[in-house]
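Visitor: File follows, protein-v8.cif with mmCIF, C-alpha atoms:
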```cif
data_work
loop_
_atom_site.label_atom_id
_atom_site.label_comp_id
_atom_site.auth_asym_id
_atom_site.auth_seq_id
_atom_site.Cartn_x
_atom_site.Cartn_y
_atom_site.Cartn_z
CA MET C 12 0.00 0.00 0.00
CA LYS C 13 3.06 2.37 0.17
CA GLN C 14 3.25 4.78 -2.72
CA PRO C 15 6.52 5.10 -4.64
CA LEU C 16 8.31 8.37 -3.80
CA GLY C 17 8.22 11.24 -6.24
CA ARG C 18 4.87 10.57 -7.91
CA PRO C 19 2.27 11.81 -5.40
CA ARG C 20 0.29 13.80 -8.00
CA ASP C 21 0.16 10.90 -10.44
CA ASP C 22 -1.01 8.56 -7.73
CA ARG C 23 -3.78 10.96 -6.82
CA VAL C 24 -4.93 11.00 -10.43
CA ASP C 25 -4.73 7.20 -10.60
CA ARG C 26 -6.92 6.94 -7.53
CA ALA C 27 -9.37 9.57 -8.77
CA ILE C 28 -9.81 7.70 -12.05
CA ALA C 29 -10.30 4.36 -10.30
CA THR C 30 -12.80 5.80 -7.81
CA ALA C 31 -14.72 7.54 -10.60
CA THR C 32 -14.76 4.36 -12.69
CA ARG C 33 -16.26 2.35 -9.86
CA ALA C 34 -18.85 5.06 -9.18
CA VAL C 35 -19.90 5.29 -12.84
CA LEU C 36 -20.00 1.48 -13.11
CA ALA C 37 -22.30 1.28 -10.11
CA GLU C 38 -24.59 3.98 -11.52
CA SER C 39 -24.62 3.26 -15.25
CA GLY C 40 -23.55 -0.36 -15.63
CA TYR C 41 -20.71 -1.89 -17.59
CA ALA C 42 -22.08 -1.54 -21.12
CA GLN C 43 -23.15 2.08 -20.66
CA LEU C 44 -19.97 3.41 -19.03
CA THR C 45 -18.07 5.96 -21.12
CA VAL C 46 -14.57 7.36 -20.67
CA ASP C 47 -16.12 10.84 -20.93
CA ALA C 48 -18.31 10.16 -17.90
CA VAL C 49 -15.33 8.84 -15.91
CA ALA C 50 -13.17 11.83 -16.88
CA ALA C 51 -15.91 14.26 -15.85
CA ARG C 52 -16.48 12.49 -12.55
CA ALA C 53 -12.76 12.30 -11.79
CA GLY C 54 -12.16 15.92 -12.79
CA VAL C 55 -9.42 14.97 -15.27
CA GLY C 56 -9.07 15.16 -19.03
CA LYS C 57 -9.55 12.13 -21.26
CA ALA C 58 -5.87 12.42 -22.20
CA ALA C 59 -4.91 11.74 -18.58
CA ILE C 60 -6.94 8.53 -18.74
CA TYR C 61 -5.54 7.37 -22.06
CA ARG C 62 -1.96 8.03 -20.85
CA ARG C 63 -2.63 5.40 -18.20
CA HIS C 64 -4.96 2.94 -19.93
CA THR C 65 -4.90 1.98 -23.59
CA THR C 66 -8.62 1.19 -23.66
CA LYS C 67 -11.80 1.75 -21.66
CA GLN C 68 -11.76 -1.92 -20.74
CA GLN C 69 -8.21 -1.74 -19.36
CA MET C 70 -9.30 1.25 -17.27
CA ILE C 71 -12.27 -0.70 -15.86
CA PHE C 72 -10.10 -3.73 -15.25
CA ALA C 73 -7.57 -1.69 -13.25
CA ALA C 74 -10.31 0.02 -11.23
CA VAL C 75 -12.19 -3.18 -10.43
CA LEU C 76 -9.07 -5.14 -9.49
CA HIS C 77 -7.66 -2.27 -7.43
CA ASP C 78 -9.65 -3.05 -4.32
CA LEU C 79 -9.29 -6.80 -4.53
CA GLU C 80 -6.72 -8.05 -2.07
CA ILE C 81 -5.58 -11.26 -3.68
CA ALA C 82 -3.24 -12.94 -1.22
CA PRO C 83 -3.15 -16.45 0.25
CA PRO C 84 -5.41 -16.84 3.29
CA PRO C 85 -3.65 -17.15 6.67
CA ASP C 86 -2.53 -20.69 7.47
CA SER C 87 -5.53 -22.23 9.25
CA GLY C 88 -3.64 -25.38 10.21
CA SER C 89 -5.54 -27.69 7.85
CA MET C 90 -6.16 -28.05 4.12
CA ARG C 91 -9.89 -27.99 4.69
CA GLY C 92 -9.66 -24.76 6.66
CA ASP C 93 -7.41 -23.19 4.04
CA LEU C 94 -9.75 -24.24 1.21
CA THR C 95 -12.72 -22.78 3.07
CA ALA C 96 -10.91 -19.45 3.48
CA LEU C 97 -9.68 -19.47 -0.13
CA LEU C 98 -13.21 -20.10 -1.42
CA ARG C 99 -14.46 -17.22 0.71
CA ASP C 100 -11.84 -14.96 -0.89
CA ILE C 101 -12.80 -16.18 -4.39
CA ALA C 102 -16.45 -15.43 -3.62
CA VAL C 103 -15.53 -11.92 -2.44
CA ASN C 104 -13.51 -11.32 -5.62
CA LEU C 105 -16.53 -12.25 -7.76
CA THR C 106 -19.18 -10.43 -5.75
CA THR C 107 -17.36 -7.15 -5.03
CA PRO C 108 -17.59 -5.59 -8.54
CA PRO C 109 -20.94 -3.93 -9.39
CA ALA C 110 -23.53 -6.14 -11.13
CA GLY C 111 -22.72 -6.93 -14.74
CA VAL C 112 -19.05 -5.97 -14.52
CA VAL C 113 -17.61 -9.49 -14.24
CA PRO C 114 -19.58 -10.91 -17.23
CA GLY C 115 -18.96 -7.72 -19.23
CA LEU C 116 -15.22 -7.78 -18.64
CA LEU C 117 -15.09 -11.49 -19.43
CA ALA C 118 -16.76 -10.94 -22.80
CA ASP C 119 -14.29 -8.18 -23.61
CA VAL C 120 -11.37 -10.36 -22.50
CA HIS C 121 -12.47 -12.83 -25.17
CA GLY C 122 -12.57 -10.14 -27.84
CA ASP C 123 -9.26 -8.42 -27.01
CA PRO C 124 -5.97 -10.39 -26.80
CA ALA C 125 -4.19 -7.57 -24.93
CA LEU C 126 -6.91 -7.48 -22.26
CA ALA C 127 -6.79 -11.29 -22.10
CA ALA C 128 -3.04 -11.11 -21.43
CA THR C 129 -3.61 -8.56 -18.65
CA PHE C 130 -6.37 -10.72 -17.17
CA VAL C 131 -4.23 -13.87 -17.12
CA SER C 132 -1.05 -12.15 -15.87
CA THR C 133 -2.78 -10.31 -13.03
CA PHE C 134 -6.08 -11.75 -11.75
CA VAL C 135 -5.62 -15.38 -12.81
CA ALA C 136 -1.94 -15.47 -11.80
CA ALA C 137 -2.62 -13.93 -8.38
CA GLU C 138 -5.45 -16.34 -7.61
CA ARG C 139 -3.36 -19.26 -8.94
CA GLY C 140 -0.59 -18.27 -6.52
CA CYS C 141 -3.06 -18.59 -3.64
CA VAL C 142 -4.13 -22.05 -4.82
CA GLU C 143 -0.48 -23.15 -5.04
CA GLU C 144 0.29 -21.83 -1.57
CA VAL C 145 -2.66 -23.70 -0.04
CA LEU C 146 -1.66 -26.92 -1.82
CA ASP C 147 2.01 -26.56 -0.82
CA ARG C 148 0.98 -26.15 2.81
CA ALA C 149 -1.13 -29.32 2.56
CA VAL C 150 1.87 -31.22 1.17
CA ALA C 151 4.13 -29.82 3.91
CA ARG C 152 1.60 -30.94 6.55
CA GLY C 153 1.49 -34.43 5.04
CA GLU C 154 -2.19 -34.05 4.08
CA LEU C 155 -1.36 -34.64 0.39
CA PRO C 156 1.33 -36.98 -0.90
CA ARG C 157 2.24 -34.51 -3.67
CA ARG C 158 0.91 -31.30 -5.17
CA PRO C 159 -1.99 -31.84 -7.62
CA ASP C 160 -2.07 -29.76 -10.82
CA PRO C 161 -2.82 -26.23 -9.54
CA ALA C 162 -4.68 -25.31 -12.76
CA VAL C 163 -7.12 -28.20 -12.26
CA VAL C 164 -7.64 -27.34 -8.59
CA HIS C 165 -8.12 -23.68 -9.51
CA ALA C 166 -10.88 -24.67 -11.97
CA LEU C 167 -12.50 -26.94 -9.35
CA LEU C 168 -12.64 -24.10 -6.81
CA LEU C 169 -13.32 -21.00 -8.92
CA GLY C 170 -15.70 -22.68 -11.38
CA PRO C 171 -18.60 -23.61 -9.10
CA VAL C 172 -18.59 -20.17 -7.44
CA PHE C 173 -18.67 -18.46 -10.83
CA ALA C 174 -21.35 -20.86 -12.09
CA TRP C 175 -23.55 -20.29 -9.05
CA LEU C 176 -23.43 -16.50 -9.40
CA PHE C 177 -23.24 -15.89 -13.15
CA LEU C 178 -24.37 -19.00 -15.05
CA LEU C 179 -27.09 -20.57 -12.95
CA GLN C 180 -28.07 -17.22 -11.44
CA GLU C 181 -28.80 -18.83 -8.11
CA ASP C 182 -29.32 -16.88 -4.89
CA PRO C 183 -26.02 -15.24 -3.78
CA ALA C 184 -27.26 -15.55 -0.18
CA ARG C 185 -26.94 -19.34 -0.51
CA LEU C 186 -23.36 -19.14 -1.81
CA GLY C 187 -21.94 -19.83 1.66
CA THR C 188 -23.69 -23.21 1.70
CA VAL C 189 -22.23 -24.02 -1.69
CA THR C 190 -18.67 -23.05 -0.79
CA ALA C 191 -18.89 -25.00 2.48
CA ALA C 192 -19.99 -28.13 0.59
CA LEU C 193 -17.35 -27.47 -2.04
CA ALA C 194 -14.53 -27.05 0.49
CA GLU C 195 -15.49 -30.33 2.12
CA ALA C 196 -15.82 -32.15 -1.20
CA ALA C 197 -12.55 -30.70 -2.51
CA ALA C 198 -10.61 -31.60 0.63
CA ALA C 199 -12.01 -35.13 0.50
CA ALA C 200 -11.41 -35.57 -3.21
CA LEU C 201 -8.08 -33.77 -3.72
CA SER C 202 -5.86 -36.76 -3.17
CA ASP C 203 -7.63 -38.37 -6.16
CA VAL C 204 -6.80 -35.50 -8.53
CA ALA C 205 -4.03 -36.35 -10.99
CA PRO C 206 -0.68 -34.92 -9.86
CA GLY C 207 0.63 -31.95 -11.84
CA MET G 17 -37.27 -33.25 -35.28
CA LYS G 18 -40.76 -33.52 -36.89
CA GLN G 19 -42.07 -30.20 -38.14
CA PRO G 20 -45.59 -29.12 -37.19
CA LEU G 21 -47.98 -29.43 -40.15
CA GLY G 22 -48.98 -26.32 -42.05
CA ARG G 23 -45.87 -24.19 -41.45
CA PRO G 24 -43.25 -25.60 -43.80
CA ARG G 25 -42.29 -22.20 -45.23
CA ASP G 26 -41.86 -20.65 -41.76
CA ASP G 27 -39.68 -23.52 -40.64
CA ARG G 28 -37.49 -23.08 -43.68
CA VAL G 29 -37.07 -19.41 -42.80
CA ASP G 30 -36.32 -20.29 -39.16
CA ARG G 31 -33.61 -22.68 -40.28
CA ALA G 32 -32.18 -20.23 -42.81
CA ILE G 33 -31.90 -17.54 -40.13
CA ALA G 34 -30.27 -19.91 -37.67
CA THR G 35 -27.80 -21.22 -40.24
CA ALA G 36 -26.94 -17.70 -41.38
CA THR G 37 -26.48 -16.56 -37.77
CA ARG G 38 -24.00 -19.33 -37.06
CA ALA G 39 -22.11 -18.60 -40.29
CA VAL G 40 -21.87 -14.87 -39.57
CA LEU G 41 -20.85 -15.58 -35.94
CA ALA G 42 -18.04 -17.85 -37.12
CA GLU G 43 -16.84 -15.25 -39.64
CA SER G 44 -17.32 -11.96 -37.80
CA GLY G 45 -17.48 -12.82 -34.12
CA TYR G 46 -20.15 -12.10 -31.54
CA ALA G 47 -19.61 -8.38 -31.03
CA GLN G 48 -19.44 -7.59 -34.75
CA LEU G 49 -22.47 -9.58 -35.89
CA THR G 50 -25.32 -7.46 -37.27
CA VAL G 51 -28.91 -8.40 -38.05
CA ASP G 52 -28.37 -6.86 -41.51
CA ALA G 53 -25.55 -9.32 -42.22
CA VAL G 54 -27.68 -12.26 -41.05
CA ALA G 55 -30.67 -11.12 -43.12
CA ALA G 56 -28.50 -10.76 -46.23
CA ARG G 57 -26.88 -14.14 -45.70
CA ALA G 58 -30.24 -15.85 -45.05
CA GLY G 59 -31.89 -14.13 -48.01
CA VAL G 60 -34.71 -12.77 -45.85
CA GLY G 61 -35.80 -9.30 -44.79
CA LYS G 62 -34.99 -7.89 -41.37
CA ALA G 63 -38.73 -7.85 -40.64
CA ALA G 64 -38.80 -11.64 -40.95
CA ILE G 65 -36.08 -11.82 -38.30
CA TYR G 66 -37.74 -9.38 -35.92
CA ARG G 67 -41.08 -11.23 -36.24
CA ARG G 68 -39.29 -14.23 -34.73
CA HIS G 69 -36.78 -12.67 -32.33
CA THR G 70 -37.27 -9.53 -30.29
CA THR G 71 -33.55 -8.72 -30.23
CA LYS G 72 -30.31 -9.63 -31.98
CA GLN G 73 -29.22 -11.46 -28.84
CA GLN G 74 -32.38 -13.60 -28.77
CA MET G 75 -31.72 -14.49 -32.41
CA ILE G 76 -28.15 -15.55 -31.60
CA PHE G 77 -29.31 -17.45 -28.55
CA ALA G 78 -31.85 -19.43 -30.59
CA ALA G 79 -29.31 -20.18 -33.32
CA VAL G 80 -26.56 -21.28 -30.96
CA LEU G 81 -28.83 -23.45 -28.82
CA HIS G 82 -30.55 -24.98 -31.84
CA ASP G 83 -27.86 -27.56 -32.50
CA LEU G 84 -27.26 -28.44 -28.87
CA GLU G 85 -28.90 -31.72 -27.98
CA ILE G 86 -29.47 -31.35 -24.27
CA ALA G 87 -30.79 -34.66 -23.02
CA PRO G 88 -29.72 -36.96 -20.18
CA PRO G 89 -26.90 -39.32 -21.19
CA PRO G 90 -27.85 -42.99 -21.62
CA ASP G 91 -27.85 -44.94 -18.36
CA SER G 92 -24.29 -46.24 -18.02
CA GLY G 93 -25.09 -48.42 -15.03
CA SER G 94 -23.16 -46.33 -12.51
CA MET G 95 -23.19 -42.78 -11.15
CA ARG G 96 -19.54 -42.34 -12.09
CA GLY G 97 -20.21 -43.41 -15.67
CA ASP G 98 -23.25 -41.14 -15.89
CA LEU G 99 -21.29 -38.18 -14.48
CA THR G 100 -18.49 -38.78 -16.98
CA ALA G 101 -20.98 -38.76 -19.86
CA LEU G 102 -22.82 -35.72 -18.49
CA LEU G 103 -19.56 -33.78 -18.17
CA ARG G 104 -18.71 -34.71 -21.76
CA ASP G 105 -22.08 -33.30 -22.87
CA ILE G 106 -21.51 -30.10 -20.83
CA ALA G 107 -18.09 -29.69 -22.46
CA VAL G 108 -19.64 -30.12 -25.92
CA ASN G 109 -22.31 -27.52 -25.11
CA LEU G 110 -19.62 -25.00 -24.15
CA THR G 111 -17.17 -25.71 -26.97
CA THR G 112 -19.61 -26.01 -29.91
CA PRO G 113 -20.45 -22.28 -30.32
CA PRO G 114 -17.85 -20.21 -32.24
CA ALA G 115 -15.16 -18.51 -30.12
CA GLY G 116 -16.43 -15.56 -28.11
CA VAL G 117 -20.11 -16.44 -28.38
CA VAL G 118 -20.52 -17.98 -24.92
CA PRO G 119 -18.85 -15.06 -23.05
CA GLY G 120 -20.63 -12.53 -25.28
CA LEU G 121 -24.06 -14.05 -24.69
CA LEU G 122 -23.37 -14.31 -20.96
CA ALA G 123 -22.56 -10.60 -20.74
CA ASP G 124 -25.77 -9.76 -22.60
CA VAL G 125 -27.78 -12.11 -20.36
CA HIS G 126 -26.60 -9.98 -17.43
CA GLY G 127 -27.70 -6.77 -19.13
CA ASP G 128 -31.11 -7.95 -20.36
CA PRO G 129 -33.69 -9.48 -17.98
CA ALA G 130 -35.74 -10.94 -20.86
CA LEU G 131 -32.69 -12.72 -22.28
CA ALA G 132 -31.81 -13.88 -18.76
CA ALA G 133 -35.28 -15.41 -18.43
CA THR G 134 -34.86 -17.21 -21.76
CA PHE G 135 -31.41 -18.44 -20.73
CA VAL G 136 -32.65 -19.83 -17.41
CA SER G 137 -35.85 -21.37 -18.80
CA THR G 138 -34.13 -23.11 -21.72
CA PHE G 139 -30.41 -23.82 -21.39
CA VAL G 140 -30.12 -23.90 -17.60
CA ALA G 141 -33.39 -25.80 -17.14
CA ALA G 142 -32.49 -28.41 -19.76
CA GLU G 143 -29.04 -29.03 -18.28
CA ARG G 144 -30.54 -29.07 -14.76
CA GLY G 145 -32.95 -31.78 -15.91
CA CYS G 146 -29.99 -33.92 -16.98
CA VAL G 147 -28.32 -33.43 -13.58
CA GLU G 148 -31.55 -34.43 -11.81
CA GLU G 149 -31.95 -37.53 -13.95
CA VAL G 150 -28.39 -38.69 -13.25
CA LEU G 151 -28.85 -38.10 -9.50
CA ASP G 152 -32.23 -39.87 -9.45
CA ARG G 153 -30.67 -42.91 -11.16
CA ALA G 154 -27.91 -42.95 -8.52
CA VAL G 155 -30.54 -42.90 -5.75
CA ALA G 156 -32.51 -45.67 -7.48
CA ARG G 157 -29.32 -47.79 -7.73
CA GLY G 158 -28.61 -47.24 -4.03
CA GLU G 159 -25.41 -45.30 -4.79
CA LEU G 160 -26.76 -42.24 -2.94
CA PRO G 161 -28.96 -42.33 0.17
CA ARG G 162 -30.97 -39.33 -1.11
CA ARG G 163 -30.79 -36.78 -3.89
CA PRO G 164 -28.37 -33.90 -3.18
CA ASP G 165 -29.43 -30.36 -4.15
CA PRO G 166 -29.38 -30.45 -7.98
CA ALA G 167 -28.46 -26.74 -8.19
CA VAL G 168 -25.32 -27.33 -6.12
CA VAL G 169 -24.34 -30.39 -8.16
CA HIS G 170 -25.00 -28.46 -11.37
CA ALA G 171 -22.60 -25.73 -10.21
CA LEU G 172 -19.98 -28.34 -9.21
CA LEU G 173 -20.10 -29.94 -12.68
CA LEU G 174 -20.64 -26.99 -15.02
CA GLY G 175 -18.43 -24.53 -13.15
CA PRO G 176 -15.00 -26.17 -13.54
CA VAL G 177 -15.58 -26.82 -17.26
CA PHE G 178 -16.58 -23.20 -17.82
CA ALA G 179 -13.66 -21.96 -15.70
CA TRP G 180 -11.14 -24.09 -17.59
CA LEU G 181 -12.30 -22.81 -20.96
CA PHE G 182 -13.33 -19.22 -20.35
CA LEU G 183 -11.84 -17.95 -17.09
CA LEU G 184 -8.45 -19.62 -16.78
CA GLN G 185 -8.09 -19.90 -20.56
CA GLU G 186 -6.36 -23.24 -20.23
CA ASP G 187 -5.76 -25.61 -23.14
CA PRO G 188 -9.09 -27.07 -24.38
CA ALA G 189 -7.15 -30.18 -25.46
CA ARG G 190 -6.56 -30.95 -21.76
CA LEU G 191 -10.25 -30.60 -20.87
CA GLY G 192 -10.76 -34.37 -21.04
CA THR G 193 -8.23 -34.83 -18.22
CA VAL G 194 -10.06 -32.24 -16.14
CA THR G 195 -13.51 -33.74 -16.65
CA ALA G 196 -12.19 -37.23 -15.88
CA ALA G 197 -10.70 -36.01 -12.59
CA LEU G 198 -13.87 -34.06 -11.90
CA ALA G 199 -16.18 -37.03 -12.53
CA GLU G 200 -14.12 -39.15 -10.17
CA ALA G 201 -13.97 -36.44 -7.49
CA ALA G 202 -17.68 -35.67 -7.82
CA ALA G 203 -18.70 -39.33 -7.60
CA ALA G 204 -16.50 -39.77 -4.51
CA ALA G 205 -17.67 -36.57 -2.84
CA LEU G 206 -21.37 -36.48 -3.75
CA SER G 207 -22.62 -38.35 -0.73
CA ASP G 208 -21.11 -35.54 1.39
CA VAL G 209 -23.08 -32.78 -0.39
CA ALA G 210 -25.92 -31.41 1.69
CA PRO G 211 -29.28 -32.91 0.63
CA GLY G 212 -31.65 -30.57 -1.24
#
```
Write the structure described by the file as structure tokens, please.
Guide:
Amino acid sequence: MKQPLGRPRDDRVDRAIATATRAVLAESGYAQLTVDAVAARAGVGKAAIYRRHTTKQQMIFAAVLHDLEIAPPPDSGSMRGDLTALLRDIAVNLTTPPAGVVPGLLADVHGDPALAATFVSTFVAAERGCVEEVLDRAVARGELPRRPDPAVVHALLLGPVFAWLFLLQEDPARLGTVTAALAEAAAAALSDVAPG
Amino acid sequence: MKQPLGRPRDDRVDRAIATATRAVLAESGYAQLTVDAVAARAGVGKAAIYRRHTTKQQMIFAAVLHDLEIAPPPDSGSMRGDLTALLRDIAVNLTTPPAGVVPGLLADVHGDPALAATFVSTFVAAERGCVEEVLDRAVARGELPRRPDPAVVHALLLGPVFAWLFLLQEDPARLGTVTAALAEAAAAALSDVAPG
């Protein structure tokens, strides 16, 4: 959270743009957001935005990811506890952005290779690092004989949460029940997953 | 597959629109597709399209779902075999549409309540029916003491496949390995899932 020395004004502009982007997203929705509206809200020129972000989508991506704290959960002492905490973090990551932002960004990721590269090198890589840390702890504790393929485990954890919220459009209030069942099932099943 | 009597010309137009939609999607991509291009390719007027579909997205939805055969897999004799077959069907449903169509439609579903209702009452309901059938067979065979919540199981099966393909952007050629591990893990873990 420390700012690099010598760029206080730039950092203020960065934060103003991110805050304005989130406010406009919450008011207007993903598809309707314009860079003009964000610039006006932030009190900056469009040029200041385009110096920082090559596209509107990259600007939204930066603003939406900004508040996400993607770090491994504290060591709970057991794989099951760690998986429960990790699933809670994944659920927070998916439910924090305003409605429509996650599906909108995902569609744009699939239409824009540069945005896809940003998505994979930031969000996916950070969450993958958490999965690897939780699996490595389980190996160190002797709960797993070896580390399963982290990509497969990532899909097994992230997928059902995403499906519940965005594909099946089930009640977000029931998500805790789903992640609890999923943590239990994943902990029980993980030793069967093919090693990576 | 039998056509209702008395509407052969309409059915031909329906099919021409659907075929043209898929062709234009494959050539131009989801975001670039226009109703004009589909009308020209199908050799029909735009009015003929808008008599059938209230929006461009509903037209795409109908065309993309048209070829999906969503029915329960044949009874394999075991829950694990049925889950393996069901996961194969889910993978086919997600990989058959041209690139970008699934994420594009999903974003539009989240911006359009009418499209969301269509999505839930057709695609989600049909796939849910397959999940229920597979679970009911497992109960009838004595493999499960009672039927777990089908919505939770649906999320556990559909989610990782979707995540592998569209969120983590992993290699589709490895999807078979993922679904095999998932079928095994799901079969092993299902009796732990909270009953519905």
Visitor: If the PyMOL selection byres ((chain C and resi 178) around 9) is run on the structure shown, which residues does it catch, given as a PyMOL selection string?
Guide: (chain C and resi 173-177+179-181) or (chain G and resi 122+136+140+171+174-175)
Visitor: For the PyMOL selection byres ((chain C) within 9 of (chain G)), applied here, can you spell out every residue it catches as number ranges by chain?
Guide: C: 40-42, 110-122, 127, 131, 135, 162-175, 177-181, 188-189, 192-193, 195-197, 199-201, 203-205
Visitor: With distances taken over only C-alpha atoms, which of C:Thr65, C:Thr133, C:Thr45, C:Ser39 is nearest to C:Ile81?
Guide: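 Smallest distance to C:Ile81 is found for C:Thr133.
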Visitor: Rounded to one decimal place, report the atom CA of G:Pro89-atom CA of G:Val150 distance in Å.
Guide: 8.1 Å
Visitor: Calculate how many Å separate atom CA of G:Gly93 from atom CA of G:Arg157, rounding to one decimal.
Guide: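 These two atoms are separated by 8.5 Å.
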Visitor: List the residues selected by the PyMOL selection byres ((chain G and resi 73) around 8) in the file shown, writing them as an MDAnalysis selection string.
Guide: chainID G and resid 71:72 74:77 121 124 131
Visitor: Please produce a file of those selected residues containing C-alpha atoms, as a PDB file, in the frame of the given file.
Guide:
```pdb
ATOM      1  CA  THR G  71     -33.550  -8.720 -30.230  1.00  0.00           C
ATOM      2  CA  LYS G  72     -30.310  -9.630 -31.980  1.00  0.00           C
ATOM      3  CA  GLN G  74     -32.380 -13.600 -28.770  1.00  0.00           C
ATOM      4  CA  MET G  75     -31.720 -14.490 -32.410  1.00  0.00           C
ATOM      5  CA  ILE G  76     -28.150 -15.550 -31.600  1.00  0.00           C
ATOM      6  CA  PHE G  77     -29.310 -17.450 -28.550  1.00  0.00           C
ATOM      7  CA  LEU G 121     -24.060 -14.050 -24.690  1.00  0.00           C
ATOM      8  CA  ASP G 124     -25.770  -9.760 -22.600  1.00  0.00           C
ATOM      9  CA  LEU G 131     -32.690 -12.720 -22.280  1.00  0.00           C
TER      10      LEU G 131
END
```
Visitor: So which one's closest to G:Glu85, G:Asp52, G:Val60, G:Glu143, G:Pro129? Using all atoms listed in the file, please.
Guide: G:Glu143
Visitor: Just the number, please: distance in Å from atom CA of G:Gly97 to atom CA of G:Ala199, one decimal.
Guide: 8.2 Å
Visitor: Write out as a list in words each polymer residue whose atoms come within 10 Å of G:Glu159, counting only C-alpha atoms; drop sequence neighbours fewer than 3 positions from it.
Guide: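 The contact residues come out as Ser94, Met95, Arg96, Leu151, Asp152, Arg153, Ala154, Val155, Ala156, Arg162, Ala203, Leu206 and Ser207 of chain G.
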Visitor: Within 6 Å of stretch 26-38 of chain C, counting only C-alpha atoms, which residues qualify if same-chain residues fewer than 2 places away don't, as a PDB file with C-alpha atoms, in the frame of the given file?
Guide:
```
ATOM      1  CA  ARG C  23      -3.780  10.960  -6.820  1.00  0.00           C
ATOM      2  CA  VAL C  24      -4.930  11.000 -10.430  1.00  0.00           C
ATOM      3  CA  GLY C  40     -23.550  -0.360 -15.630  1.00  0.00           C
ATOM      4  CA  TYR C  41     -20.710  -1.890 -17.590  1.00  0.00           C
ATOM      5  CA  VAL C  49     -15.330   8.840 -15.910  1.00  0.00           C
ATOM      6  CA  ARG C  52     -16.480  12.490 -12.550  1.00  0.00           C
ATOM      7  CA  ALA C  53     -12.760  12.300 -11.790  1.00  0.00           C
ATOM      8  CA  ALA C  74     -10.310   0.020 -11.230  1.00  0.00           C
ATOM      9  CA  PRO C 109     -20.940  -3.930  -9.390  1.00  0.00           C
TER      10      PRO C 109
END
```
Visitor: So, counting all atoms listed in the file, which residue among G:Gly61, G:Pro90, G:Gly158, G:Gly192 is closest to G:Leu102?
Guide: G:Pro90
